[in-house]
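Please read the structure below before turning to the comments.
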Amino acid sequence: MIKLIITDMDGTLLDDNNHINEEFWKIERKINEKGIIFAAASGRQYYNLLHRFASIKDDILFIAENGTYVMYKNKELYINTIPKEETIELIEASRGIEETCVVLCGKKSAYVEPGNEKFMEEFRKYYTELQIVDDITKVEDDILKLAVCDFRGSEKNSYTHFKKFENRYKVVVSGKIWLDIMMSDANKGKAVEMIQKKLDISYDETMVFGDYLNDLEMMSTGKYSFAMENAHPLLKTHSNFIAESNNNNGVIKAIKKYVL
């Protein structure tokens, strides 16, 4: 019996227009009545997820900032932060990479330096709590990750600049224009394993959905691991099932078939 259902957001539960299919809310009520825990696992900020799921926030589990911050029923279950001096080193390494802008992702808020409206429009999609500051190296907060917005393409551009840090940090292409840098032991998979242990839920009782490389480790945490039809090719090789695309309500269709 499935006891835990975890889904990524962008490219997975959300369609390409950033919408959740209306059928989701009925399905969530049904699985909740069965005692199944639903979790949103995303590179998005916790406050952004909280806003998206405001009507059911007391029922679901939040795995935010690519697994570095986990909240359930308004309680912090897990946090994985980057030391301040290391944060500054990573910020400095990002300076000068063309057509990129860095978001410093803290526990209290996300922080960006003044930039053009094109970047700000993109940031507002994912960060509900967002502050513009003169210098992000001066921010005082618990830092969860650095997110690089790269309009040239994260896999071919900014990743090549941060690849040298992979022996010390987790550097992951989390979307076509997003690159995330976290502590080396931070990822969605580790967060899910912690949740499974804490809630006494097994691999066989877990269902997961994802579409991009920041979901890679998560695919190994559940017997019912689904890569979306629109997923990165590498993710498909690490999943046990393929769900229909995010634009074709793939997550909900799979839950209806395998759970309801």
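For the structure tokens, the naming scheme is as follows: chains receive sequential letters (A, B, ...) according to their order of presentation, residues are indexed from 1 within each chain, and ligands are indexed from 1 in presentation order.
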
Could you pull out the residues in segment 32-131 of chain A that DSSP calls strand (DSSP E) from the backbone, as a compact mmCIF listing (two decimals) with C-alpha atoms, in the first residue's frame?
# COMPACT_ATOMS: atom_id res chain seq x y z
CA ILE A 37 0.76 11.80 2.83
CA PHE A 38 1.20 14.09 -0.17
CA ALA A 39 4.47 16.01 -0.51
CA ALA A 40 5.59 18.77 -2.86
CA ALA A 41 9.34 18.45 -3.57
CA LEU A 61 4.59 17.97 3.46
CA PHE A 62 6.95 20.52 1.89
CA ILE A 63 10.39 19.57 0.56
CA ALA A 64 11.73 22.97 -0.52
CA TYR A 69 14.51 22.53 3.86
CA VAL A 70 11.64 20.27 4.95
CA MET A 71 8.50 21.43 6.75
CA TYR A 72 5.46 19.42 7.88
CA LYS A 75 7.31 22.15 12.01
CA GLU A 76 10.85 22.12 10.67
CA LEU A 77 11.93 18.53 10.05
CA TYR A 78 15.24 19.19 8.32
CA ILE A 79 17.57 21.98 7.23
CA THR A 100 23.08 35.17 -15.43
CA CYS A 101 21.86 36.42 -12.08
CA VAL A 102 22.19 34.76 -8.67
CA VAL A 103 19.48 34.25 -6.09
CA LEU A 104 20.73 33.71 -2.54
CA CYS A 105 18.15 31.37 -1.00
CA GLY A 106 17.80 31.85 2.74
CA ALA A 110 15.47 34.93 -1.01
CA TYR A 111 17.86 37.77 -1.88
CA VAL A 112 18.93 39.31 -5.19
CA LEU A 130 12.13 38.10 -2.12
CA GLN A 131 14.32 41.03 -1.08

- Item | Contacts of Asn80 of chain A within 12 Å, only C-alpha atoms, excl. fewer than 3 positions in-chain, as a VMD selection string | chain A and resid 63 to 70 76 to 77 83 105 to 107 142 to 145 170 182 to 188 190 to 191

With N, CA and C atoms retained, export the selected residues as a PDB file, in the first residue's frame.
ATOM      1  N   ILE A  63       8.961  19.789   0.749  1.00  0.00           N
ATOM      2  CA  ILE A  63      10.394  19.570   0.563  1.00  0.00           C
ATOM      3  C   ILE A  63      10.864  20.696  -0.356  1.00  0.00           C
ATOM      4  N   ALA A  64      11.416  21.748   0.230  1.00  0.00           N
ATOM      5  CA  ALA A  64      11.729  22.967  -0.516  1.00  0.00           C
ATOM      6  C   ALA A  64      13.212  23.090  -0.827  1.00  0.00           C
ATOM      7  N   GLU A  65      13.526  24.010  -1.737  1.00  0.00           N
ATOM      8  CA  GLU A  65      14.911  24.358  -2.078  1.00  0.00           C
ATOM      9  C   GLU A  65      15.742  23.115  -2.385  1.00  0.00           C
ATOM     10  N   ASN A  66      15.175  22.224  -3.193  1.00  0.00           N
ATOM     11  CA  ASN A  66      15.855  20.996  -3.636  1.00  0.00           C
ATOM     12  C   ASN A  66      16.314  20.107  -2.481  1.00  0.00           C
ATOM     13  N   GLY A  67      15.485  20.013  -1.453  1.00  0.00           N
ATOM     14  CA  GLY A  67      15.763  19.088  -0.369  1.00  0.00           C
ATOM     15  C   GLY A  67      16.534  19.656   0.795  1.00  0.00           C
ATOM     16  N   THR A  68      16.830  20.953   0.768  1.00  0.00           N
ATOM     17  CA  THR A  68      17.612  21.538   1.866  1.00  0.00           C
ATOM     18  C   THR A  68      16.732  22.005   3.028  1.00  0.00           C
ATOM     19  N   TYR A  69      15.411  22.032   2.819  1.00  0.00           N
ATOM     20  CA  TYR A  69      14.508  22.533   3.858  1.00  0.00           C
ATOM     21  C   TYR A  69      13.200  21.762   3.804  1.00  0.00           C
ATOM     22  N   VAL A  70      12.848  21.092   4.903  1.00  0.00           N
ATOM     23  CA  VAL A  70      11.636  20.267   4.953  1.00  0.00           C
ATOM     24  C   VAL A  70      10.745  20.735   6.095  1.00  0.00           C
ATOM     25  N   GLU A  76       9.635  22.356  11.450  1.00  0.00           N
ATOM     26  CA  GLU A  76      10.846  22.125  10.669  1.00  0.00           C
ATOM     27  C   GLU A  76      11.372  20.723  10.948  1.00  0.00           C
ATOM     28  N   LEU A  77      11.417  19.891   9.897  1.00  0.00           N
ATOM     29  CA  LEU A  77      11.928  18.529  10.054  1.00  0.00           C
ATOM     30  C   LEU A  77      13.402  18.423   9.691  1.00  0.00           C
ATOM     31  N   PRO A  83      27.801  27.283   5.037  1.00  0.00           N
ATOM     32  CA  PRO A  83      28.482  28.255   5.903  1.00  0.00           C
ATOM     33  C   PRO A  83      28.677  29.594   5.192  1.00  0.00           C
ATOM     34  N   CYS A 105      19.369  31.945  -1.570  1.00  0.00           N
ATOM     35  CA  CYS A 105      18.152  31.369  -1.004  1.00  0.00           C
ATOM     36  C   CYS A 105      18.322  31.122   0.491  1.00  0.00           C
ATOM     37  N   GLY A 106      17.704  31.959   1.299  1.00  0.00           N
ATOM     38  CA  GLY A 106      17.804  31.847   2.745  1.00  0.00           C
ATOM     39  C   GLY A 106      16.561  31.241   3.358  1.00  0.00           C
ATOM     40  N   LYS A 107      16.664  30.934   4.621  1.00  0.00           N
ATOM     41  CA  LYS A 107      15.527  30.382   5.357  1.00  0.00           C
ATOM     42  C   LYS A 107      14.396  31.408   5.486  1.00  0.00           C
ATOM     43  N   ASP A 142      20.209  32.082   7.363  1.00  0.00           N
ATOM     44  CA  ASP A 142      20.657  30.711   7.137  1.00  0.00           C
ATOM     45  C   ASP A 142      20.509  30.435   5.645  1.00  0.00           C
ATOM     46  N   ILE A 143      21.628  30.189   4.960  1.00  0.00           N
ATOM     47  CA  ILE A 143      21.590  30.046   3.508  1.00  0.00           C
ATOM     48  C   ILE A 143      21.457  28.572   3.117  1.00  0.00           C
ATOM     49  N   LEU A 144      20.432  28.294   2.312  1.00  0.00           N
ATOM     50  CA  LEU A 144      20.123  26.933   1.899  1.00  0.00           C
ATOM     51  C   LEU A 144      20.805  26.559   0.584  1.00  0.00           C
ATOM     52  N   LYS A 145      20.840  27.502  -0.350  1.00  0.00           N
ATOM     53  CA  LYS A 145      21.466  27.233  -1.648  1.00  0.00           C
ATOM     54  C   LYS A 145      21.664  28.533  -2.406  1.00  0.00           C
ATOM     55  N   LYS A 170      27.133  20.202  -4.086  1.00  0.00           N
ATOM     56  CA  LYS A 170      26.203  19.608  -5.034  1.00  0.00           C
ATOM     57  C   LYS A 170      25.871  20.682  -6.060  1.00  0.00           C
ATOM     58  N   MET A 182      24.434  23.622  -3.677  1.00  0.00           N
ATOM     59  CA  MET A 182      24.085  23.335  -2.285  1.00  0.00           C
ATOM     60  C   MET A 182      25.236  22.581  -1.635  1.00  0.00           C
ATOM     61  N   MET A 183      25.092  22.250  -0.378  1.00  0.00           N
ATOM     62  CA  MET A 183      26.074  21.399   0.273  1.00  0.00           C
ATOM     63  C   MET A 183      26.098  20.031  -0.420  1.00  0.00           C
ATOM     64  N   SER A 184      27.230  19.376  -0.380  1.00  0.00           N
ATOM     65  CA  SER A 184      27.431  18.156  -1.165  1.00  0.00           C
ATOM     66  C   SER A 184      26.458  17.031  -0.801  1.00  0.00           C
ATOM     67  N   ASP A 185      25.973  17.042   0.435  1.00  0.00           N
ATOM     68  CA  ASP A 185      25.060  15.972   0.861  1.00  0.00           C
ATOM     69  C   ASP A 185      23.596  16.388   0.770  1.00  0.00           C
ATOM     70  N   ALA A 186      23.313  17.473   0.050  1.00  0.00           N
ATOM     71  CA  ALA A 186      21.935  17.976  -0.051  1.00  0.00           C
ATOM     72  C   ALA A 186      21.320  17.569  -1.381  1.00  0.00           C
ATOM     73  N   ASN A 187      20.169  16.943  -1.330  1.00  0.00           N
ATOM     74  CA  ASN A 187      19.380  16.642  -2.531  1.00  0.00           C
ATOM     75  C   ASN A 187      18.003  16.157  -2.098  1.00  0.00           C
ATOM     76  N   LYS A 188      17.091  16.087  -3.028  1.00  0.00           N
ATOM     77  CA  LYS A 188      15.729  15.664  -2.708  1.00  0.00           C
ATOM     78  C   LYS A 188      15.695  14.226  -2.196  1.00  0.00           C
ATOM     79  N   LYS A 190      17.926  12.529  -0.420  1.00  0.00           N
ATOM     80  CA  LYS A 190      18.301  12.448   0.988  1.00  0.00           C
ATOM     81  C   LYS A 190      17.161  12.935   1.876  1.00  0.00           C
ATOM     82  N   ALA A 191      16.494  14.001   1.458  1.00  0.00           N
ATOM     83  CA  ALA A 191      15.371  14.522   2.233  1.00  0.00           C
ATOM     84  C   ALA A 191      14.252  13.493   2.320  1.00  0.00           C
TER      85      ALA A 191
END

- Message: I'd like the neighbourhood of Leu4 of chain A as a PyMOL selection string, where a residue qualifies if any of its atoms comes within 10 Å (using only C-alpha atoms), though same-chain residues fewer than 4 positions away should be ignored.
- Response: chain A and resi 31+35-39+61+192+195-196+199+201-208+222

Writer output for current selection, C-alpha atoms, as a PDB file, in the first residue's frame:
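Now in part_28.pdb:
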ATOM      1  CA  ILE A  31      -5.617  10.329  -0.886  1.00  0.00           C
ATOM      2  CA  GLY A  35      -4.196   8.393   5.191  1.00  0.00           C
ATOM      3  CA  ILE A  36      -1.651   8.892   2.398  1.00  0.00           C
ATOM      4  CA  ILE A  37       0.755  11.804   2.825  1.00  0.00           C
ATOM      5  CA  PHE A  38       1.199  14.094  -0.167  1.00  0.00           C
ATOM      6  CA  ALA A  39       4.472  16.012  -0.510  1.00  0.00           C
ATOM      7  CA  LEU A  61       4.592  17.972   3.461  1.00  0.00           C
ATOM      8  CA  VAL A 192      12.922  11.795   1.218  1.00  0.00           C
ATOM      9  CA  ILE A 195      11.168  11.556   5.885  1.00  0.00           C
ATOM     10  CA  GLN A 196      10.708   7.836   5.283  1.00  0.00           C
ATOM     11  CA  LEU A 199       7.496   8.528   9.436  1.00  0.00           C
ATOM     12  CA  ILE A 201       7.456   4.556   5.482  1.00  0.00           C
ATOM     13  CA  SER A 202       9.261   2.082   3.231  1.00  0.00           C
ATOM     14  CA  TYR A 203      10.594   2.143  -0.338  1.00  0.00           C
ATOM     15  CA  ASP A 204       7.701  -0.095  -1.414  1.00  0.00           C
ATOM     16  CA  GLU A 205       5.191   2.357   0.082  1.00  0.00           C
ATOM     17  CA  THR A 206       6.562   5.424  -1.731  1.00  0.00           C
ATOM     18  CA  MET A 207       5.570   7.008  -5.071  1.00  0.00           C
ATOM     19  CA  VAL A 208       7.665   9.802  -6.612  1.00  0.00           C
ATOM     20  CA  GLY A 222      10.380   4.766  -4.155  1.00  0.00           C
TER      21      GLY A 222
END

- Backbone-only DSSP, helix (DSSP H, G or I) members of segment 23-251 of chain A, as a PyMOL selection string: chain A and resi 23-33+46-52+54-56+65-67+84-94+117-126+136-138+158-165+188-199+203-205+213-215+217-221+233-237+246-248+250-251

- Enter the distance from atom CA of Val172 of chain A to atom CA of Lys198 of chain A, in Å, rounded to one decimal. 26.2 Å

- Task: Between atom CA of Val173 of chain A and atom CA of Ala54 of chain A, measure the distance and give it in Å to one decimal.
- Result: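 For atom CA of Val173 of chain A relative to atom CA of Ala54 of chain A, the distance reads 28.3 Å.
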
- Task: Using only C-alpha atoms, pick whichever of A:Thr87, A:Asn247, A:Asn157, A:Thr7 has the shortest atom-to-atom distance to Glu140 of chain A.
- Result: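 Smallest distance to Glu140 of chain A is found for A:Thr87.
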
- Excluding same-chain residues fewer than 2 positions from Ile27 of chain A, what lies within 9 Å of it counting only C-alpha atoms, as a list in words? Glu23, Phe24, Trp25, Arg29, Lys30, Ile31, Asn32, Ile252, Ile255, Lys256 and Leu260 of chain A
